[in-house]
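Source file: entry-v7.pdb. Holds: PDB, C-alpha atoms, pLDDT in the B column.
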```pdb
ATOM      1  CA  ARG A 241       2.441 -13.132  21.747  1.00 71.00           C
ATOM      2  CA  HIS A 242       5.520 -11.372  20.355  1.00 73.00           C
ATOM      3  CA  PHE A 243       7.910 -14.109  21.539  1.00 80.00           C
ATOM      4  CA  LEU A 244       5.543 -16.900  20.500  1.00 79.00           C
ATOM      5  CA  SER A 245       5.124 -15.476  17.003  1.00 78.00           C
ATOM      6  CA  ASN A 246       8.893 -15.243  16.548  1.00 77.00           C
ATOM      7  CA  VAL A 247       9.412 -18.862  17.646  1.00 83.00           C
ATOM      8  CA  ILE A 248       6.688 -20.200  15.360  1.00 85.00           C
ATOM      9  CA  CYS A 249       7.731 -18.049  12.398  1.00 81.00           C
ATOM     10  CA  ALA A 250      11.324 -19.247  12.633  1.00 82.00           C
ATOM     11  CA  PHE A 251      10.102 -22.487  11.036  1.00 82.00           C
ATOM     12  CA  ILE A 252       8.045 -20.946   8.219  1.00 86.00           C
ATOM     13  CA  PRO A 253       9.743 -20.496   4.836  1.00 85.00           C
ATOM     14  CA  GLY A 254       8.803 -17.493   2.707  1.00 80.00           C
ATOM     15  CA  LYS A 255       8.714 -13.949   4.053  1.00 79.00           C
ATOM     16  CA  SER A 256       5.152 -13.075   2.982  1.00 78.00           C
ATOM     17  CA  ARG A 257       3.692 -16.228   4.596  1.00 79.00           C
ATOM     18  CA  ARG A 258       5.822 -15.664   7.719  1.00 81.00           C
ATOM     19  CA  ASP A 259       4.657 -12.032   8.011  1.00 81.00           C
ATOM     20  CA  LEU A 260       0.998 -13.028   7.673  1.00 80.00           C
ATOM     21  CA  VAL A 261       1.288 -15.741  10.354  1.00 82.00           C
ATOM     22  CA  ARG A 262       3.185 -13.358  12.650  1.00 80.00           C
ATOM     23  CA  THR A 263       0.484 -10.699  12.243  1.00 82.00           C
ATOM     24  CA  ARG A 264      -2.358 -13.150  12.878  1.00 78.00           C
ATOM     25  CA  ILE A 265      -0.688 -14.363  16.083  1.00 80.00           C
ATOM     26  CA  ARG A 266       0.026 -10.859  17.379  1.00 79.00           C
ATOM     27  CA  TYR A 267      -3.267  -9.193  16.420  1.00 81.00           C
ATOM     28  CA  ASP A 268      -6.917 -10.175  16.345  1.00 85.00           C
ATOM     29  CA  THR A 269      -7.653  -9.656  12.642  1.00 87.00           C
ATOM     30  CA  ARG A 270     -11.264 -10.890  12.800  1.00 89.00           C
ATOM     31  CA  PRO A 271     -12.805  -7.424  13.403  1.00 93.00           C
ATOM     32  CA  PHE A 272     -11.047  -6.099  10.270  1.00 94.00           C
ATOM     33  CA  ILE A 273     -12.363  -8.915   8.113  1.00 93.00           C
ATOM     34  CA  LYS A 274     -15.840  -8.503   9.639  1.00 95.00           C
ATOM     35  CA  PHE A 275     -15.718  -4.764   8.836  1.00 97.00           C
ATOM     36  CA  VAL A 276     -14.962  -5.505   5.172  1.00 97.00           C
ATOM     37  CA  ARG A 277     -17.740  -8.126   4.956  1.00 96.00           C
ATOM     38  CA  ASN A 278     -20.196  -5.604   6.461  1.00 96.00           C
ATOM     39  CA  TYR A 279     -18.939  -2.900   4.067  1.00 96.00           C
ATOM     40  CA  PHE A 280     -20.039  -5.139   1.187  1.00 96.00           C
ATOM     41  CA  ALA A 281     -23.143  -6.452   2.994  1.00 94.00           C
ATOM     42  CA  GLY A 282     -25.342  -8.609   0.825  1.00 91.00           C
ATOM     43  CA  GLN A 283     -22.646  -9.119  -1.808  1.00 95.00           C
ATOM     44  CA  ASN A 284     -20.850 -12.391  -2.331  1.00 94.00           C
ATOM     45  CA  ILE A 285     -17.220 -11.310  -2.027  1.00 95.00           C
ATOM     46  CA  LYS A 286     -13.941 -13.178  -2.053  1.00 94.00           C
ATOM     47  CA  ILE A 287     -11.463 -12.013   0.598  1.00 94.00           C
ATOM     48  CA  LYS A 288      -7.734 -12.564   0.797  1.00 89.00           C
ATOM     49  CA  THR A 289      -5.439 -11.159   3.476  1.00 87.00           C
ATOM     50  CA  CYS A 290      -1.802 -10.189   3.392  1.00 84.00           C
ATOM     51  CA  VAL A 291       0.549  -7.971   5.335  1.00 83.00           C
ATOM     52  CA  GLY A 292       2.240  -4.796   4.151  1.00 78.00           C
ATOM     53  CA  GLY A 293       4.630  -2.106   5.243  1.00 68.00           C
ATOM     54  CA  GLY A 294       6.918  -4.146   7.489  1.00 74.00           C
ATOM     55  CA  CYS A 295       3.945  -5.747   9.282  1.00 79.00           C
ATOM     56  CA  ARG A 296       2.504  -2.288  10.003  1.00 85.00           C
ATOM     57  CA  ASN A 297      -0.704  -2.990   8.055  1.00 89.00           C
ATOM     58  CA  LEU A 298      -3.122  -5.831   7.572  1.00 89.00           C
ATOM     59  CA  ILE A 299      -4.308  -5.701   3.980  1.00 90.00           C
ATOM     60  CA  VAL A 300      -7.675  -7.174   3.089  1.00 93.00           C
ATOM     61  CA  LEU A 301      -8.106  -7.693  -0.656  1.00 92.00           C
ATOM     62  CA  VAL A 302     -11.662  -7.877  -1.984  1.00 95.00           C
ATOM     63  CA  ASP A 303     -12.370  -9.622  -5.290  1.00 92.00           C
ATOM     64  CA  SER A 304      -9.122  -8.276  -6.770  1.00 84.00           C
ATOM     65  CA  ARG A 305     -10.925  -4.896  -6.906  1.00 92.00           C
ATOM     66  CA  TYR A 306     -10.140  -3.196  -3.604  1.00 95.00           C
ATOM     67  CA  ALA A 307      -7.429  -3.231  -0.964  1.00 93.00           C
ATOM     68  CA  PHE A 308      -8.265  -2.129   2.572  1.00 96.00           C
ATOM     69  CA  LYS A 309      -5.202  -1.259   4.651  1.00 94.00           C
ATOM     70  CA  PHE A 310      -5.779  -1.514   8.386  1.00 95.00           C
ATOM     71  CA  PRO A 311      -3.032   0.080  10.524  1.00 94.00           C
ATOM     72  CA  LEU A 312      -1.802  -2.250  13.262  1.00 90.00           C
ATOM     73  CA  ARG A 313       0.672  -0.162  15.270  1.00 88.00           C
ATOM     74  CA  ASN A 314      -1.186   3.149  15.600  1.00 93.00           C
ATOM     75  CA  ASN A 315      -4.406   4.749  14.390  1.00 95.00           C
ATOM     76  CA  GLY A 316      -2.931   5.355  10.915  1.00 94.00           C
ATOM     77  CA  TYR A 317      -3.968   9.014  10.674  1.00 96.00           C
ATOM     78  CA  GLU A 318      -0.604  10.509   9.660  1.00 93.00           C
ATOM     79  CA  ARG A 319       0.179   7.844   7.066  1.00 90.00           C
ATOM     80  CA  ALA A 320      -3.334   8.034   5.583  1.00 94.00           C
ATOM     81  CA  MET A 321      -3.229  11.826   5.274  1.00 94.00           C
ATOM     82  CA  ARG A 322       0.251  11.736   3.764  1.00 90.00           C
ATOM     83  CA  GLU A 323      -0.655   9.040   1.235  1.00 89.00           C
ATOM     84  CA  ILE A 324      -3.857  10.689   0.065  1.00 93.00           C
ATOM     85  CA  ARG A 325      -2.137  14.064  -0.339  1.00 92.00           C
ATOM     86  CA  ILE A 326       0.683  12.540  -2.374  1.00 89.00           C
ATOM     87  CA  THR A 327      -1.524  10.372  -4.587  1.00 88.00           C
ATOM     88  CA  LEU A 328      -3.991  13.181  -5.331  1.00 91.00           C
ATOM     89  CA  ALA A 329      -1.238  15.695  -6.088  1.00 91.00           C
ATOM     90  CA  LEU A 330       0.820  13.393  -8.338  1.00 89.00           C
ATOM     91  CA  ARG A 331      -2.081  11.886 -10.279  1.00 90.00           C
ATOM     92  CA  LYS A 332      -2.151  14.791 -12.762  1.00 89.00           C
ATOM     93  CA  TYR A 333       1.602  14.609 -13.498  1.00 89.00           C
ATOM     94  CA  THR A 334       1.862  11.113 -14.909  1.00 88.00           C
ATOM     95  CA  THR A 335       0.329   9.074 -17.697  1.00 88.00           C
ATOM     96  CA  THR A 336       0.588   5.997 -15.469  1.00 86.00           C
ATOM     97  CA  ARG A 337      -2.709   5.221 -13.768  1.00 86.00           C
ATOM     98  CA  ILE A 338      -2.559   5.883 -10.037  1.00 86.00           C
ATOM     99  CA  PRO A 339      -5.094   3.993  -7.920  1.00 87.00           C
ATOM    100  CA  GLU A 340      -8.024   5.861  -6.396  1.00 90.00           C
ATOM    101  CA  MET A 341      -7.780   6.141  -2.629  1.00 93.00           C
ATOM    102  CA  GLU A 342     -10.369   6.766   0.065  1.00 95.00           C
ATOM    103  CA  ILE A 343      -9.946   7.119   3.825  1.00 97.00           C
ATOM    104  CA  ILE A 344     -12.499   5.457   6.076  1.00 98.00           C
ATOM    105  CA  HIS A 345     -12.626   6.311   9.786  1.00 97.00           C
ATOM    106  CA  TRP A 346     -13.691   3.300  11.873  1.00 97.00           C
ATOM    107  CA  ARG A 347     -13.238   2.617  15.587  1.00 95.00           C
ATOM    108  CA  GLY A 348     -10.581   5.301  15.853  1.00 96.00           C
ATOM    109  CA  LEU A 349      -8.591   3.873  12.921  1.00 96.00           C
ATOM    110  CA  TYR A 350      -7.937   5.521   9.567  1.00 97.00           C
ATOM    111  CA  ILE A 351      -8.329   2.773   7.006  1.00 97.00           C
ATOM    112  CA  ARG A 352      -6.976   3.330   3.516  1.00 95.00           C
ATOM    113  CA  LYS A 353      -9.138   1.877   0.771  1.00 96.00           C
ATOM    114  CA  TYR A 354      -7.487   1.622  -2.639  1.00 93.00           C
ATOM    115  CA  GLU A 355      -8.493   0.437  -6.034  1.00 92.00           C
ATOM    116  CA  PHE A 356      -6.576  -2.786  -6.356  1.00 85.00           C
ATOM    117  CA  PHE A 357      -4.533  -3.439  -9.463  1.00 80.00           C
ATOM    118  CA  PRO A 358      -4.024  -7.189  -9.733  1.00 73.00           C
ATOM    119  CA  GLY A 359      -0.588  -8.321 -10.699  1.00 76.00           C
ATOM    120  CA  VAL A 360       2.753  -9.356  -9.339  1.00 76.00           C
ATOM    121  CA  ILE A 361       5.299  -7.150  -7.640  1.00 77.00           C
ATOM    122  CA  LEU A 362       8.443  -6.953  -9.742  1.00 81.00           C
ATOM    123  CA  ASP A 363      10.699  -8.485  -7.088  1.00 76.00           C
ATOM    124  CA  GLU A 364       8.351 -11.508  -6.897  1.00 78.00           C
ATOM    125  CA  LEU A 365       8.686 -12.322 -10.604  1.00 86.00           C
ATOM    126  CA  PRO A 366      11.062 -15.093 -11.648  1.00 90.00           C
ATOM    127  CA  ALA A 367      14.379 -13.668 -12.853  1.00 92.00           C
ATOM    128  CA  HIS A 368      14.049 -15.205 -16.340  1.00 95.00           C
ATOM    129  CA  ILE A 369      10.748 -13.371 -16.946  1.00 94.00           C
ATOM    130  CA  VAL A 370      12.238 -10.064 -15.828  1.00 92.00           C
ATOM    131  CA  ALA A 371      15.259 -10.652 -18.051  1.00 95.00           C
ATOM    132  CA  THR A 372      13.084 -11.498 -21.059  1.00 96.00           C
ATOM    133  CA  HIS A 373      10.984  -8.338 -20.683  1.00 95.00           C
ATOM    134  CA  ARG A 374      13.648  -6.040 -19.188  1.00 94.00           C
ATOM    135  CA  HIS A 375      13.485  -3.412 -21.947  1.00 95.00           C
ATOM    136  CA  HIS A 376       9.708  -3.036 -21.703  1.00 94.00           C
ATOM    137  CA  ILE A 377       9.774  -3.005 -17.879  1.00 91.00           C
ATOM    138  CA  ALA A 378      12.692  -0.557 -17.742  1.00 92.00           C
ATOM    139  CA  ARG A 379      10.974   1.820 -20.180  1.00 93.00           C
ATOM    140  CA  GLN A 380       7.776   1.865 -18.100  1.00 89.00           C
ATOM    141  CA  ILE A 381       9.608   2.399 -14.824  1.00 86.00           C
ATOM    142  CA  ALA A 382      11.886   5.082 -16.249  1.00 88.00           C
ATOM    143  CA  LYS A 383       8.955   7.000 -17.716  1.00 90.00           C
ATOM    144  CA  PHE A 384       7.067   6.924 -14.436  1.00 86.00           C
ATOM    145  CA  ILE A 385      10.117   7.906 -12.370  1.00 84.00           C
ATOM    146  CA  TYR A 386      10.866  10.775 -14.740  1.00 86.00           C
ATOM    147  CA  GLU A 387       7.283  12.102 -14.732  1.00 88.00           C
ATOM    148  CA  ILE A 388       7.001  11.958 -10.947  1.00 85.00           C
ATOM    149  CA  GLY A 389      10.589  13.068 -10.390  1.00 83.00           C
ATOM    150  CA  ILE A 390      10.154  16.368 -12.224  1.00 85.00           C
ATOM    151  CA  ALA A 391       6.728  17.094 -10.707  1.00 88.00           C
ATOM    152  CA  ASP A 392       6.524  19.946  -8.235  1.00 90.00           C
ATOM    153  CA  PRO A 393       2.882  20.056  -7.134  1.00 91.00           C
ATOM    154  CA  ILE A 394       2.113  23.066  -4.989  1.00 92.00           C
ATOM    155  CA  GLU A 395      -0.305  20.951  -2.906  1.00 92.00           C
ATOM    156  CA  ILE A 396       2.561  18.967  -1.352  1.00 90.00           C
ATOM    157  CA  ARG A 397       5.521  21.356  -1.472  1.00 89.00           C
ATOM    158  CA  ASP A 398       5.313  21.780   2.294  1.00 90.00           C
ATOM    159  CA  MET A 399       6.340  18.115   2.623  1.00 86.00           C
ATOM    160  CA  LYS A 400       9.775  18.822   1.149  1.00 82.00           C
ATOM    161  CA  PRO A 401      12.679  19.652   3.497  1.00 81.00           C
ATOM    162  CA  ASN A 402      12.945  22.986   1.697  1.00 84.00           C
ATOM    163  CA  PRO A 403       9.650  23.837  -0.058  1.00 86.00           C
ATOM    164  CA  ASP A 404      11.420  26.229  -2.462  1.00 87.00           C
ATOM    165  CA  ASP A 405      13.801  23.570  -3.821  1.00 84.00           C
ATOM    166  CA  ALA A 406      13.115  22.553  -7.395  1.00 83.00           C
ATOM    167  CA  PRO A 407      12.820  18.826  -8.098  1.00 80.00           C
ATOM    168  CA  GLY A 408      16.124  17.261  -9.004  1.00 69.00           C
ATOM    169  CA  PHE A 409      18.297  14.223  -8.581  1.00 63.00           C
ATOM    170  CA  MET A 410      17.287  12.359  -5.400  1.00 62.00           C
ATOM    171  CA  ARG A 411      14.571  14.924  -4.646  1.00 63.00           C
ATOM    172  CA  GLY A 412      11.626  13.522  -6.571  1.00 63.00           C
ATOM    173  CA  TRP A 413       8.401  12.099  -5.165  1.00 66.00           C
ATOM    174  CA  PHE A 414       7.533   8.515  -4.603  1.00 58.00           C
ATOM    175  CA  HIS A 415       4.934   6.399  -2.855  1.00 55.00           C
ATOM    176  CA  ASN A 416       5.055   2.602  -2.807  1.00 58.00           C
ATOM    177  CA  ASP A 417       1.359   2.120  -3.553  1.00 53.00           C
ATOM    178  CA  ILE A 418       1.573   4.226  -6.697  1.00 52.00           C
TER     179      ILE A 418
END
```
Would you kindly transcribe this structure into structure tokens?
Amino acid sequence: RHFLSNVICAFIPGKSRRDLVRTRIRYDTRPFIKFVRNYFAGQNIKIKTCVGGGCRNLIVLVDSRYAFKFPLRNNGYERAMREIRITLALRKYTTTRIPEMEIIHWRGLYIRKYEFFPGVILDELPAHIVATHRHHIARQIAKFIYEIGIADPIEIRDMKPNPDDAPGFMRGWFHNDI
């Protein structure tokens, strides 16, 4: 499956489409989609799938309201615990809204369920739009980076190489889903 997916994907333009096709060839994604449909049993939901984290996760988006991240390479326990600790600890240090996160244990997997914020990732926006709004975008990003960068939540200090170090240049916190 690995070799076959690489051969097929060599002819597919666009990284996000290529990653999704590669994941669907390598993994049976039907149980994940069935889980999400059962989770919302009786509701008419719209599902979209994509791939995240270097093809480490299958992401099932539900009605532009929720994102379910299914780990593909391991059970996802360590990543789920790390992400929930970071998001909960940093939420109180920024004025930027951080998505709610829940961990669901299913079939030995630790699924991360997030509030989904619809939008476009900055690197997917056309350059002319970014250039037109660069001051507004830069201000928002700088404010968020500053607020998170100076945070020193006691709940996650043990995650730092040296827990006693104060936050500083190149020693702030980050998490891609925030």
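For the pair CA of Ile388 (chain A) and CA of Lys400 (chain A), the interatomic distance is 14.2 Å.
Going from CA of Arg296 (chain A) to CA of Asn284 (chain A) covers 28.3 Å.
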Ground truth for the PyMOL selection byres ((chain A and resi 259) around 12), written as a ChimeraX atom specification: /A:245-246,248-250,252-258,260-267,289-299
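This file, filtered with the PyMOL selection byres ((chain A and resi 332) around 12), gives the residues A:Ile326, A:Thr327, A:Leu328, A:Ala329, A:Leu330, A:Arg331, A:Tyr333, A:Thr334, A:Thr335, A:Thr336, A:Arg337, A:Ile338, A:Glu387, A:Ile388, A:Ala391, A:Asp392, A:Pro393, A:Glu395.
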Result set of the PyMOL selection byres ((chain A and resi 303) around 12) on the coordinates above, as a list in words: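 Going through the file, the PyMOL selection byres ((chain A and resi 303) around 12) ends up selecting Val276, Arg277, Phe280, Gln283, Asn284, Ile285, Lys286, Ile287, Lys288, Thr289, Val300, Leu301, Val302, Ser304, Arg305, Tyr306, Ala307, Phe308, Glu355, Phe356, Phe357 and Pro358 of chain A.
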Computed interatomic separation between CA of Ile390 (chain A) and CA of Asn402 (chain A) (Å):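 CA of Asn402 (chain A) lies at a distance of 15.7 Å from CA of Ile390 (chain A).
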Of the listed residues A:Thr269, A:Phe275, A:Arg322, A:Arg379, that which approaches Met399 (chain A) most closely, counting only C-alpha atoms: A:Arg322
Env of Asn314 (chain A): 12 Å cut, atoms = all atoms listed in the file, seq-sep filter 6 positions within chain, self excluded. Answer as a CSV table (one decimal) with C-alpha atoms, in the coordinates of the input.
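The file below, part-v1.csv, is the result:
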```csv
chain,number,residue,atom,x,y,z
A,296,ARG,CA,2.5,-2.3,10.0
A,297,ASN,CA,-0.7,-3.0,8.1
A,320,ALA,CA,-3.3,8.0,5.6
A,348,GLY,CA,-10.6,5.3,15.9
A,349,LEU,CA,-8.6,3.9,12.9
A,350,TYR,CA,-7.9,5.5,9.6
A,351,ILE,CA,-8.3,2.8,7.0
```
